[in-house]
Amino acid sequence: MSDIEPIIDLSRIAIHTATTKPLAIEQAVEKYAELGFGGVSVWDDVVDAAGTGRVRALVQGAGLRVPALVRGGFFVSADPADRAASIGKNRHRIRQAAEIGAEMVVLVAGAEPGVPLESAREQATAGIAAILPEAERAGVKLAIEPLHPMYAADRCCINRIADARAVCEALASPLLGVAVDVYHVWWDPDLEREIEALGRTGRLLAFHVCDWKADTGHLLLDRGLMGDGVIDLRRIRGMVERAGFDGLIEVEIFSKHYWAMDQDRYLELIAERARTCV
Ligand code: ZN
């Protein structure tokens with residue numbers, strides 16, 4: 001779509017720490033800032049290992065914004081004690097997000113073999129409702145991330161933007177919205193209409209990019225870098241921008257291939273592909 005201007009200014013891009021998993025948080029924020037990226041989304045393992053004070057000092061020192069702490073959720077279980085524990089853990093993630101200065105916590109709904117999808121969806125909605133007061137206290141947004149239906153059995157029972165949007169509408173909190181990750185929703189025939197509806201209702205909180213390789217070696221750990229696969233990223237960016245999204249574009253790639261690469265070279269490649277493919 002030629003009416004979308006290419007990205008020139010990398011300050012519009014944030015990198016997920018999981019994207020450059022081999023890098024320690026100290027190196028990661030230094031390198032992201034050096035290349036001109038505007039932000040970092042920090043994964044839970046990084047926050048747990050480094051502590052919120054250290055993470056906050058590092059990102060502030062580097063002048064980076066923090067769109068998200070990734071990730072909370074996983075509300076679904078046949079065992080009520082597990083469900084209660086998950087709610088406690090999510091409240092903790094929300095407090096951590098506030099402490100590191102993250103704008104939102106990304107939520108993956110959860111799913112468990114043996115829990116029927118209808119029940120799973122009810123449990124996920126109830127879990128999100130239970131943590132909303134903590135999000136309101138902390139002033140942290142919650143972004144429900146629909147995951148591709150291949151994860152419906154064991155990871156995420158909310159699979160389309162429409163379903164995530166329905167949860168937002170049922171719970172009606174101004175802090176609740178949706179993270180649009182191209183990897184999970186690029187195939188959706190309702191994509192444009194749903195993104196437009198999210199924008200109209202103020203619920204388009206995040207835009208995650210990577211690529212879907214038609215010849216992927218692994219559905220979790222062989223995601224493509226932008227331009228490696230079949231997703232029309234510039235077209236989808238056009239949709240989110242027309243819907244009013246002006247947040248940071250987050251690069252989120254889990255890839256054994258790229259983790260094995262020299263991470264400086266990889267970050268240069270991310271910068272190049274952000275400019276040419278997104
Ligand atoms: Zn994502």
# chains A, B, ... in the order shown; residues from 1 in each chain; ligands from 1
>>> closest_atom_pairs(of="chain A", to="ligand 1", cutoff="8 Å", atoms="only C-alpha atoms and all ligand atoms", output="CSV")
residue,atom,partner,partner_atom_place_in_ligand_line,distance
A:Glu145,CA,ligand 1,1 (Zn),6.7
A:Ala179,CA,ligand 1,1 (Zn),7.0
A:Val180,CA,ligand 1,1 (Zn),7.2
A:Asp181,CA,ligand 1,1 (Zn),4.7
A:Val182,CA,ligand 1,1 (Zn),7.8
A:Tyr183,CA,ligand 1,1 (Zn),7.6
A:His184,CA,ligand 1,1 (Zn),7.9
A:Phe207,CA,ligand 1,1 (Zn),7.8
A:His208,CA,ligand 1,1 (Zn),5.2
A:Val209,CA,ligand 1,1 (Zn),7.5
A:Glu252,CA,ligand 1,1 (Zn),6.1
>>> residues_around(residues="Gly114 in chain A", least_positions_apart="6", cutoff="12 Å", atoms="only C-alpha atoms", output="JSON, numbers by chain")
{"A": [76, 77, 78, 79, 120, 152, 153, 154]}
>>> closest_residue(among="A:Gly224, A:Pro6, A:Gly199, A:Gly110", to="Ala243 in chain A", atoms="only C-alpha atoms")
A:Gly199
>>> closest_residue(among="A:Leu35, A:Pro189, A:Arg234, A:Lys141", to="Leu269 in chain A", atoms="only C-alpha atoms")
A:Leu35
>>> residues_around(residues="Val70 in chain A", least_positions_apart="3", cutoff="7 Å", atoms="only C-alpha atoms", output="ChimeraX atom specification")
/A:41-44,105-106
>>> closest_residue(among="A:Ile13, A:Ile4, A:Leu220, A:Ala62", to="Val29 in chain A", atoms="only C-alpha atoms")
A:Ala62
>>> closest_residue(among="A:Arg71, A:Arg95, A:Arg121, A:Arg83", to="Cys156 in chain A", atoms="only C-alpha atoms")
A:Arg121
>>> atom_distance(atom1="CA of Asp232 in chain A", atom2="CA of Glu192 in chain A")
12.5 Å
>>> residues_around(residues="His257 in chain A", least_positions_apart="5", cutoff="10 Å", atoms="only C-alpha atoms", output="PDB file with C-alpha atoms, in the first residue's frame")
ATOM      1  CA  LEU A 221      10.447 -20.597  18.205  1.00  0.00           C
ATOM      2  CA  ASP A 222      10.844 -19.917  14.494  1.00  0.00           C
ATOM      3  CA  ARG A 223       8.972 -16.680  14.022  1.00  0.00           C
ATOM      4  CA  GLY A 224      10.109 -14.623  11.104  1.00  0.00           C
TER       5      GLY A 224
END
